[in-house]
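**Student:** My structure is in start32.tsv, and what it holds is TSV, C-alpha atoms:
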chain	number	residue	atom	x	y	z
Y	370	MET	CA	10.27	16.28	-11.81
Y	371	SER	CA	10.75	12.58	-11.01
Y	372	SER	CA	13.37	10.46	-12.74
Y	373	THR	CA	10.81	7.81	-13.74
Y	374	TYR	CA	10.49	7.17	-17.47
Y	375	ASN	CA	6.88	6.76	-18.61
Y	376	ILE	CA	5.50	4.82	-21.57
Y	377	ILE	CA	1.99	5.67	-22.72
Y	378	GLU	CA	0.48	2.41	-24.02
Y	379	VAL	CA	-2.08	2.86	-26.79
Y	380	ALA	CA	-2.57	-0.91	-27.38
Y	381	ASN	CA	-5.83	-1.51	-29.27
Y	382	THR	CA	-8.00	1.19	-27.74
Y	383	HIS	CA	-8.21	2.71	-31.24
Y	384	GLY	CA	-10.28	-0.19	-32.59
Y	385	GLY	CA	-8.58	0.22	-35.96
Y	386	ASN	CA	-9.64	3.87	-36.22
Y	387	VAL	CA	-6.69	6.07	-37.23
Y	388	SER	CA	-8.58	9.27	-36.32
Y	389	TYR	CA	-8.94	7.96	-32.77
Y	390	ILE	CA	-5.15	7.66	-32.47
Y	391	MET	CA	-4.60	11.14	-33.92
Y	392	ASP	CA	-7.07	12.64	-31.43
Y	393	LEU	CA	-5.48	10.66	-28.60
Y	394	LEU	CA	-2.08	12.09	-29.52
Y	395	ASP	CA	-3.59	15.58	-29.26
Y	396	GLU	CA	-4.96	14.82	-25.78
Y	397	PHE	CA	-1.57	13.59	-24.58
Y	398	LYS	CA	0.60	16.11	-26.46
Y	399	ASP	CA	1.83	17.82	-23.27
Y	400	PHE	CA	3.64	14.69	-22.10
Y	401	ASN	CA	6.91	15.32	-23.90
Y	402	LYS	CA	9.93	13.14	-24.62
Y	403	LYS	CA	12.24	15.81	-23.20
Y	404	ASP	CA	10.53	15.13	-19.85
Y	405	GLY	CA	10.85	11.35	-20.20
Y	406	PHE	CA	7.71	10.24	-22.03
Y	407	GLY	CA	7.38	7.56	-24.66
Y	408	ILE	CA	4.37	6.11	-26.45
Y	409	LYS	CA	3.91	2.51	-27.57
Y	410	PHE	CA	2.02	1.14	-30.56
Y	411	GLN	CA	1.15	-2.39	-31.69
Y	412	PRO	CA	1.36	-2.79	-35.48
Y	413	PHE	CA	0.44	-6.34	-36.47
Y	414	LYS	CA	-1.32	-8.14	-39.30
Y	415	TYR	CA	-4.28	-10.38	-38.59
Y	416	ASP	CA	-3.19	-13.23	-40.87
Y	417	GLN	CA	0.32	-13.28	-39.40
Y	418	ILE	CA	-0.70	-13.63	-35.75
Y	419	ALA	CA	-3.72	-15.94	-36.19
Y	420	THR	CA	-5.44	-18.36	-38.54
Y	421	ASN	CA	-8.80	-17.36	-39.99
Y	422	ASP	CA	-10.66	-19.93	-37.86
Y	423	TYR	CA	-9.34	-18.42	-34.62
Y	424	GLU	CA	-12.12	-16.82	-32.53
Y	425	TRP	CA	-10.41	-13.40	-32.44
Y	426	PHE	CA	-9.41	-13.34	-36.11
Y	427	LYS	CA	-12.21	-10.94	-37.14
Y	428	VAL	CA	-11.26	-8.58	-34.31
Y	429	TYR	CA	-7.58	-8.67	-35.34
Y	430	LYS	CA	-8.69	-7.82	-38.88
Y	431	GLU	CA	-10.75	-4.90	-37.56
Y	432	LEU	CA	-7.71	-3.63	-35.63
Y	433	PHE	CA	-5.39	-3.73	-38.65
Y	434	ILE	CA	-3.78	-0.43	-39.72
Y	435	ASN	CA	-1.95	-0.21	-43.06
Y	436	ASP	CA	1.61	0.97	-43.71
Y	437	GLY	CA	0.68	4.43	-44.93
Y	438	ASP	CA	-1.44	5.19	-41.89
Y	439	TRP	CA	1.23	3.92	-39.51
Y	440	GLU	CA	3.69	6.30	-41.14
Y	441	LYS	CA	1.33	9.25	-40.51
Y	442	ILE	CA	0.71	8.16	-36.92
Y	443	LEU	CA	4.41	7.77	-36.15
Y	444	ASP	CA	5.25	11.09	-37.82
Y	445	LYS	CA	2.82	12.86	-35.49
Y	446	ALA	CA	3.81	10.92	-32.38
Y	447	PHE	CA	7.50	11.56	-33.01
Y	448	ILE	CA	7.01	15.31	-32.54
Y	449	THR	CA	6.39	14.92	-28.81
Y	450	LYS	CA	7.20	11.32	-27.78
Y	451	ASP	CA	9.81	8.59	-27.91
Y	452	ILE	CA	8.21	5.88	-30.05
Y	453	TRP	CA	8.12	2.25	-28.90
Y	454	ILE	CA	6.86	-0.64	-31.01
Y	455	ASP	CA	5.39	-3.82	-29.58
Y	456	VAL	CA	6.64	-6.56	-31.91
Y	457	PHE	CA	4.36	-9.51	-32.70
Y	458	ASP	CA	5.09	-10.56	-36.27
Y	459	LEU	CA	6.96	-9.81	-39.50
Y	460	TYR	CA	4.49	-7.03	-40.32
Y	461	GLY	CA	5.64	-5.27	-37.16
Y	462	ILE	CA	9.27	-5.77	-38.20
Y	463	SER	CA	8.41	-4.27	-41.61
Y	464	THR	CA	6.83	-1.23	-39.92
Y	465	ILE	CA	9.98	-0.78	-37.86
Y	466	ARG	CA	12.22	-1.04	-40.91
Y	467	LYS	CA	10.22	1.58	-42.83
Y	468	ASN	CA	10.20	4.01	-39.89
Y	469	LEU	CA	13.50	3.11	-38.22
Y	470	LYS	CA	14.74	6.67	-37.72
Y	471	LYS	CA	11.62	7.50	-35.69
Y	472	ILE	CA	11.74	4.41	-33.45
Y	473	TYR	CA	13.20	4.71	-29.96
Y	474	GLY	CA	12.71	1.16	-28.74
Y	475	LEU	CA	11.02	-2.21	-29.15
Y	476	LYS	CA	9.14	-4.48	-26.79
Y	477	PHE	CA	8.72	-8.25	-26.85
Y	478	GLN	CA	5.85	-9.71	-24.89
Y	479	THR	CA	6.67	-12.93	-23.07
Y	480	SER	CA	4.68	-14.84	-25.74
Y	481	VAL	CA	6.97	-13.52	-28.50
Y	482	LEU	CA	10.34	-14.29	-26.90
Y	483	GLU	CA	10.62	-17.70	-28.57
Y	484	ASN	CA	9.32	-16.55	-31.96
Y	485	GLN	CA	12.23	-17.65	-34.19
Y	486	GLU	CA	10.86	-15.89	-37.26
Y	487	VAL	CA	10.80	-12.53	-35.51
Y	488	TYR	CA	14.11	-13.15	-33.73
Y	489	GLN	CA	15.89	-13.90	-37.03
Y	490	ALA	CA	14.30	-10.91	-38.75
Y	491	LEU	CA	15.90	-8.63	-36.16
Y	492	ASN	CA	19.28	-9.53	-37.63
Y	493	ASP	CA	18.41	-7.54	-40.75
Y	494	LEU	CA	17.88	-4.35	-38.75
Y	495	ASP	CA	20.38	-1.88	-37.34
Y	496	LEU	CA	19.54	-2.22	-33.64
Y	497	SER	CA	22.42	-0.14	-32.30
Y	498	ASN	CA	20.26	2.93	-31.60
Y	499	LEU	CA	17.28	1.02	-30.25
Y	500	LYS	CA	16.34	-0.08	-26.75
Y	501	LEU	CA	14.58	-3.39	-26.09
Y	502	ILE	CA	12.07	-4.26	-23.39
Y	503	ILE	CA	11.56	-7.97	-22.72
Y	504	ASN	CA	8.54	-8.96	-20.67
Y	505	ILE	CA	9.19	-11.90	-18.34
Y	506	ALA	CA	5.60	-12.58	-17.18
Y	507	GLY	CA	5.04	-16.23	-16.31
Y	508	ARG	CA	8.78	-17.02	-16.41
Y	509	ASN	CA	10.65	-18.63	-13.54
Y	510	LYS	CA	14.08	-17.42	-12.43
Y	511	THR	CA	15.97	-19.90	-14.61
Y	512	ASP	CA	13.89	-18.94	-17.67
Y	513	ILE	CA	14.57	-15.26	-17.02
Y	514	LYS	CA	18.32	-15.88	-16.84
Y	515	ASN	CA	18.32	-17.83	-20.12
Y	516	ILE	CA	16.13	-15.31	-21.94
Y	517	ILE	CA	18.32	-12.40	-20.88
Y	518	ARG	CA	21.45	-14.24	-22.06
Y	519	ARG	CA	19.80	-14.82	-25.42
Y	520	TYR	CA	18.82	-11.21	-25.97
Y	521	GLU	CA	21.98	-9.70	-24.50
Y	522	VAL	CA	23.93	-10.78	-27.57
Y	523	LEU	CA	21.78	-8.72	-29.93
Y	524	ASN	CA	23.18	-5.30	-30.70
Y	525	PHE	CA	20.58	-3.22	-28.86
Y	526	GLN	CA	21.60	0.04	-27.23
Y	527	GLU	CA	19.96	-1.03	-23.96
Y	528	LEU	CA	18.05	-4.00	-22.58
Y	529	LEU	CA	15.21	-3.47	-20.09
Y	530	ILE	CA	13.25	-6.11	-18.17
Y	531	GLU	CA	9.49	-5.76	-17.77
Y	532	VAL	CA	7.25	-7.05	-14.99
Y	533	GLY	CA	3.49	-7.30	-15.45
Y	534	PHE	CA	0.91	-8.91	-17.71
Y	535	GLN	CA	-2.55	-7.99	-18.93
Y	536	ALA	CA	-5.68	-9.74	-17.76
Y	537	PHE	CA	-9.12	-8.15	-18.19
Y	538	PRO	CA	-8.30	-6.37	-15.97
Y	539	THR	CA	-5.36	-7.69	-13.91
Y	540	LYS	CA	-6.16	-8.27	-10.23
Y	541	LEU	CA	-4.12	-6.20	-7.80
Y	542	GLU	CA	-2.61	-9.33	-6.20
Y	543	ASP	CA	-1.46	-10.52	-9.65
Y	544	SER	CA	0.34	-7.33	-10.57
Y	545	GLY	CA	3.84	-8.75	-10.01
Y	546	LEU	CA	5.22	-6.17	-7.58
Y	547	SER	CA	7.18	-8.84	-5.72
Y	548	LYS	CA	9.42	-9.42	-8.77
Y	549	ILE	CA	10.80	-5.88	-8.86
Y	550	ARG	CA	13.20	-6.21	-5.93
Y	551	TYR	CA	14.50	-9.60	-7.11
Y	552	LEU	CA	15.27	-8.22	-10.57
Y	553	LYS	CA	16.91	-5.09	-9.13
Y	554	ASP	CA	19.10	-7.21	-6.87
Y	555	ASN	CA	20.14	-9.73	-9.52
Y	556	TYR	CA	20.39	-7.80	-12.78
Y	557	LYS	CA	22.00	-4.56	-13.93
Y	558	TYR	CA	19.13	-3.61	-16.24
Y	559	ARG	CA	16.44	-1.00	-15.76
Y	560	ILE	CA	13.07	-2.43	-14.72
Y	561	VAL	CA	9.77	-1.60	-16.42
Y	562	PHE	CA	6.48	-2.09	-14.58
Y	563	ALA	CA	3.46	-2.66	-16.82
Y	564	ASP	CA	0.34	-1.73	-14.88
Y	565	HIS	CA	-2.94	-3.32	-15.99
Y	566	VAL	CA	-5.26	-2.97	-12.99
Y	567	ASP	CA	-8.81	-1.70	-13.50
Y	568	GLY	CA	-8.44	1.83	-14.86
Y	569	SER	CA	-11.57	3.02	-13.02
Y	570	HIS	CA	-10.23	2.14	-9.56
Y	571	GLN	CA	-8.05	4.19	-7.23
Y	572	GLU	CA	-5.37	1.49	-7.55
Y	573	ALA	CA	-4.78	2.64	-11.13
Y	574	ILE	CA	-3.30	5.82	-9.65
Y	575	THR	CA	-1.65	4.25	-6.60
Y	576	LEU	CA	-0.03	1.13	-8.07
Y	577	PRO	CA	2.41	2.88	-10.47
Y	578	LEU	CA	3.71	4.98	-7.57
Y	579	VAL	CA	4.18	1.90	-5.37
Y	580	ALA	CA	6.05	0.16	-8.20
Y	581	SER	CA	8.37	3.15	-8.60
Y	582	MET	CA	9.05	3.27	-4.88
Y	583	LEU	CA	9.96	-0.42	-4.96
Y	584	GLY	CA	12.54	0.28	-7.66
Y	585	ALA	CA	10.80	0.27	-11.05
Y	586	ASP	CA	12.62	2.71	-13.34
Y	587	CYS	CA	9.92	2.91	-16.00
Y	588	ILE	CA	6.13	2.74	-15.88
Y	589	GLU	CA	3.99	1.51	-18.77
Y	590	LYS	CA	0.35	2.54	-18.52
Y	591	HIS	CA	-2.60	1.91	-20.84
Y	592	VAL	CA	-4.53	5.01	-21.90
Y	593	MET	CA	-7.69	5.74	-23.86
Y	594	HIS	CA	-9.46	8.79	-25.27
Y	595	SER	CA	-11.52	10.75	-22.76
Y	596	LYS	CA	-14.55	11.22	-25.04
Y	597	LEU	CA	-14.39	8.91	-28.05
Y	598	GLN	CA	-15.81	5.40	-27.77
Y	599	THR	CA	-13.20	2.82	-26.78
Y	600	LYS	CA	-14.25	-0.63	-27.94
Y	601	TYR	CA	-11.17	-2.65	-26.99
Y	602	ASP	CA	-8.55	-2.61	-24.21
Y	603	ALA	CA	-10.57	-0.22	-22.04
Y	604	PHE	CA	-10.41	-2.51	-18.99
Y	605	SER	CA	-7.04	-1.29	-17.73
Y	606	SER	CA	-6.86	2.03	-19.56
Y	607	VAL	CA	-7.08	5.49	-18.00
Y	608	LYS	CA	-8.15	8.83	-19.44
Y	609	VAL	CA	-5.90	11.86	-19.64
Y	610	ASN	CA	-7.02	13.47	-16.36
Y	611	THR	CA	-6.30	10.27	-14.42
Y	612	TYR	CA	-2.95	9.98	-16.18
Y	613	LYS	CA	-2.09	13.50	-15.05
Y	614	LYS	CA	-2.70	12.42	-11.43
Y	615	ILE	CA	-0.34	9.47	-11.88
Y	616	ILE	CA	2.43	11.77	-13.08
Y	617	GLU	CA	1.60	14.28	-10.34
Y	618	ASN	CA	2.13	11.51	-7.77
Y	619	GLN	CA	5.53	10.70	-9.25
Y	620	ASN	CA	6.62	14.33	-9.16
Y	621	ASN	CA	5.37	14.88	-5.61
Y	622	PHE	CA	6.44	11.69	-3.87
Y	623	LEU	CA	9.43	10.12	-5.61
Y	624	PRO	CA	11.84	13.00	-4.92
Y	625	LEU	CA	11.17	12.45	-1.19
Y	626	ILE	CA	13.02	9.14	-1.32
Y	627	ASN	CA	16.31	10.99	-1.86
Y	628	SER	CA	15.60	14.00	0.35
Y	629	ASP	CA	18.01	15.07	3.10
Y	630	PHE	CA	18.27	12.73	6.06
Y	631	ILE	CA	17.60	15.71	8.34
Y	632	ASN	CA	15.45	18.33	6.62
Y	633	LYS	CA	15.30	22.04	7.38
Y	634	ALA	CA	11.97	21.77	9.20
Y	635	GLU	CA	13.45	19.20	11.61
Show this structure as structure tokens.
**Tutor:**
Amino acid sequence: MSSTYNIIEVANTHGGNVSYIMDLLDEFKDFNKKDGFGIKFQPFKYDQIATNDYEWFKVYKELFINDGDWEKILDKAFITKDIWIDVFDLYGISTIRKNLKKIYGLKFQTSVLENQEVYQALNDLDLSNLKLIINIAGRNKTDIKNIIRRYEVLNFQELLIEVGFQAFPTKLEDSGLSKIRYLKDNYKYRIVFADHVDGSHQEAITLPLVASMLGADCIEKHVMHSKLQTKYDAFSSVKVNTYKKIIENQNNFLPLINSDFINKAE
């Protein structure tokens, strides 16, 4: 078993369909928190993240899931996974507050890091048992230093720095691998690699392993249901059988990094 922590990213593959998420949880039930697996959700409200004349507003409305359904989803996910919440707005903060005992950690995308409304709302929460991932995509080295200083003062149990951003899909050369070593050399925090390459390509299996070998401590990977229709976020998502290969690679190759200098066969 590798020491890599893995976050299963549901994103918006569900298309607003709660049954899709429930079935997805069944497909991925064998990836357990005791073995280092988390799952991440994105609760947000359409009229809090966009105005009604925005081109994606109708899609955001379609993706909306109400409080009661989020509670059911998180109850089920909590049985097998650490639960992470991607925070975008005050609706997300409200979801966290109502389900705080089930939440393992939060994530802020790079676009949310300067959201004063969300930042201030965090002060009303007990953060002492939560971890926080901050994504630094598009940030230069000075920005990264300032952002980390700002979030260090919050009372989170642990701060993690994430490399990677989502295009549709992200090109291999844009994946951000080169940042991992710099962050490992200059900061004490664990590094998360968010992989968003085309889920149908071999690189979707290879890239997470390369990132881990370069020093990434955690891997975030988009997933989708193997049979149900996936309307959104399918570009960089993988199905359960591909995900199993990714974890197989971790278990087979990562332990070799710390193997004996001279092995028995030699």
**Student:** Set the distance at 9 Å and use all atoms listed in the file: which residues neighbour Thr575 of chain Y once local chain neighbours fewer than 4 positions away are removed? I'd like the list as a PyMOL selection string.
**Tutor:** chain Y and resi 571+579-580+615+618
**Student:** Find the residues around Leu576 of chain Y up to 10 Å (all atoms listed in the file counted), leave out those fewer than 2 positions away in its own chain, and share them as a short mmCIF file (atom, residue, chain, number, x, y, z; two decimals) with C-alpha atoms, in the coordinates of the input.
**Tutor:**
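Dumped to out-v5.cif:
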data_model
loop_
_atom_site.label_atom_id
_atom_site.label_comp_id
_atom_site.auth_asym_id
_atom_site.auth_seq_id
_atom_site.Cartn_x
_atom_site.Cartn_y
_atom_site.Cartn_z
CA LEU Y 541 -4.12 -6.20 -7.80
CA SER Y 544 0.34 -7.33 -10.57
CA LEU Y 546 5.22 -6.17 -7.58
CA PHE Y 562 6.48 -2.09 -14.58
CA ASP Y 564 0.34 -1.73 -14.88
CA HIS Y 565 -2.94 -3.32 -15.99
CA VAL Y 566 -5.26 -2.97 -12.99
CA GLN Y 571 -8.05 4.19 -7.23
CA GLU Y 572 -5.37 1.49 -7.55
CA ALA Y 573 -4.78 2.64 -11.13
CA ILE Y 574 -3.30 5.82 -9.65
CA LEU Y 578 3.71 4.98 -7.57
CA VAL Y 579 4.18 1.90 -5.37
CA ALA Y 580 6.05 0.16 -8.20
CA SER Y 581 8.37 3.15 -8.60
CA MET Y 582 9.05 3.27 -4.88
CA ILE Y 615 -0.34 9.47 -11.88
#
**Student:** Can you work out the spacing between atom CA of Glu378 of chain Y and atom CA of Asp455 of chain Y in Å, to one decimal?
**Tutor:**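 A separation of 9.7 Å between them.
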**Student:** Can you find the residues with an atom no farther than 8 Å from (-0.5, -9.0, -39.6), counting all atoms listed in the file, and report them as a PyMOL selection string?
**Tutor:** chain Y and resi 412-418+433+458-461
**Student:** Atom CA of Val428 of chain Y and atom CA of Tyr612 of chain Y are how many Å apart?
**Tutor:**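 We find that atom CA of Val428 of chain Y and atom CA of Tyr612 of chain Y lie 27.2 Å from each other.
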**Student:** Closest to Val607 of chain Y among Y:Gln535, Y:Leu494, Y:Ile377, Y:Lys510, using only C-alpha atoms?
**Tutor:**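 Checking each of Y:Gln535, Y:Leu494, Y:Ile377, Y:Lys510 against Val607 of chain Y, counting only C-alpha atoms, the winner is Y:Ile377.
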**Student:** Could you tell me which of Y:Tyr551, Y:Phe537, Y:Trp453, Y:Phe604 comes closest to Gly568 of chain Y if we count all atoms listed in the file?
**Tutor:** Y:Phe604
**Student:** So how many Å separate atom CA of Ala603 of chain Y and atom CA of Val487 of chain Y, to one decimal?
**Tutor:**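 A separation of 28.1 Å between them.
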**Student:** Pick out the residues sitting within 9 Å of Gly384 of chain Y, and hand them over as a tab-separated table (two decimals) with C-alpha atoms, keeping the file's coordinate frame; count only C-alpha atoms, and ignore anything fewer than 2 positions along from it in its own chain.
**Tutor:**
chain	number	residue	atom	x	y	z
Y	381	ASN	CA	-5.83	-1.51	-29.27
Y	382	THR	CA	-8.00	1.19	-27.74
Y	386	ASN	CA	-9.64	3.87	-36.22
Y	387	VAL	CA	-6.69	6.07	-37.23
Y	389	TYR	CA	-8.94	7.96	-32.77
Y	428	VAL	CA	-11.26	-8.58	-34.31
Y	431	GLU	CA	-10.75	-4.90	-37.56
Y	432	LEU	CA	-7.71	-3.63	-35.63
Y	433	PHE	CA	-5.39	-3.73	-38.65
Y	599	THR	CA	-13.20	2.82	-26.78
Y	600	LYS	CA	-14.25	-0.63	-27.94
Y	601	TYR	CA	-11.17	-2.65	-26.99
Y	602	ASP	CA	-8.55	-2.61	-24.21
**Student:** So, counting all atoms listed in the file, which residue among Y:Thr373, Y:Asp567, Y:Lys398, Y:Leu597 is closest to Ala585 of chain Y?
**Tutor:**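 Nearest candidate to Ala585 of chain Y out of Y:Thr373, Y:Asp567, Y:Lys398, Y:Leu597: Y:Thr373.
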**Student:** Contacts of Leu443 of chain Y at 10 Å or less, counting all atoms listed in the file, minus same-chain residues fewer than 6 places along, as a ChimeraX atom specification?
**Tutor:** /Y:391,408,410,450-453,468,471-472
**Student:** Can you work out which one of Y:Ala634, Y:Lys476, Y:Gln619, Y:Asp395 has the shortest atom-to-atom distance to Ser371 of chain Y, counting all atoms listed in the file?
**Tutor:**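 Using all atoms listed in the file, Ser371 of chain Y sits closest to Y:Gln619.
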**Student:** For each of Y:Asn632, Y:Arg550, Y:Phe426, Y:Lys590, take the minimum atom-to-atom distance to Lys613 of chain Y, counting all atoms listed in the file, then give the residue where this is smallest.
**Tutor:**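 Counting all atoms listed in the file, the residue closest to Lys613 of chain Y is Y:Lys590.
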**Student:** Select all residues near (7.7, -11.8, -17.8) (cut-off 10 Å, inclusive, file coordinates), counting only C-alpha atoms, and output them as a ChimeraX atom specification.
**Tutor:** /Y:477-480,482,503-509,512-513,530-534,545,548
**Student:** With C-alpha atoms retained, could you export that selection as an mmCIF file, in the coordinates of the input?
**Tutor:**
data_model
loop_
_atom_site.group_PDB
_atom_site.id
_atom_site.type_symbol
_atom_site.label_atom_id
_atom_site.label_comp_id
_atom_site.auth_asym_id
_atom_site.auth_seq_id
_atom_site.Cartn_x
_atom_site.Cartn_y
_atom_site.Cartn_z
ATOM 1 C CA PHE Y 477 8.720 -8.250 -26.850
ATOM 2 C CA GLN Y 478 5.850 -9.710 -24.890
ATOM 3 C CA THR Y 479 6.670 -12.930 -23.070
ATOM 4 C CA SER Y 480 4.680 -14.840 -25.740
ATOM 5 C CA LEU Y 482 10.340 -14.290 -26.900
ATOM 6 C CA ILE Y 503 11.560 -7.970 -22.720
ATOM 7 C CA ASN Y 504 8.540 -8.960 -20.670
ATOM 8 C CA ILE Y 505 9.190 -11.900 -18.340
ATOM 9 C CA ALA Y 506 5.600 -12.580 -17.180
ATOM 10 C CA GLY Y 507 5.040 -16.230 -16.310
ATOM 11 C CA ARG Y 508 8.780 -17.020 -16.410
ATOM 12 C CA ASN Y 509 10.650 -18.630 -13.540
ATOM 13 C CA ASP Y 512 13.890 -18.940 -17.670
ATOM 14 C CA ILE Y 513 14.570 -15.260 -17.020
ATOM 15 C CA ILE Y 530 13.250 -6.110 -18.170
ATOM 16 C CA GLU Y 531 9.490 -5.760 -17.770
ATOM 17 C CA VAL Y 532 7.250 -7.050 -14.990
ATOM 18 C CA GLY Y 533 3.490 -7.300 -15.450
ATOM 19 C CA PHE Y 534 0.910 -8.910 -17.710
ATOM 20 C CA GLY Y 545 3.840 -8.750 -10.010
ATOM 21 C CA LYS Y 548 9.420 -9.420 -8.770
#
**Student:** Closest to His591 of chain Y among Y:Ile560, Y:Asp404, Y:Leu552, Y:Ser606, using only C-alpha atoms?
**Tutor:** Y:Ser606
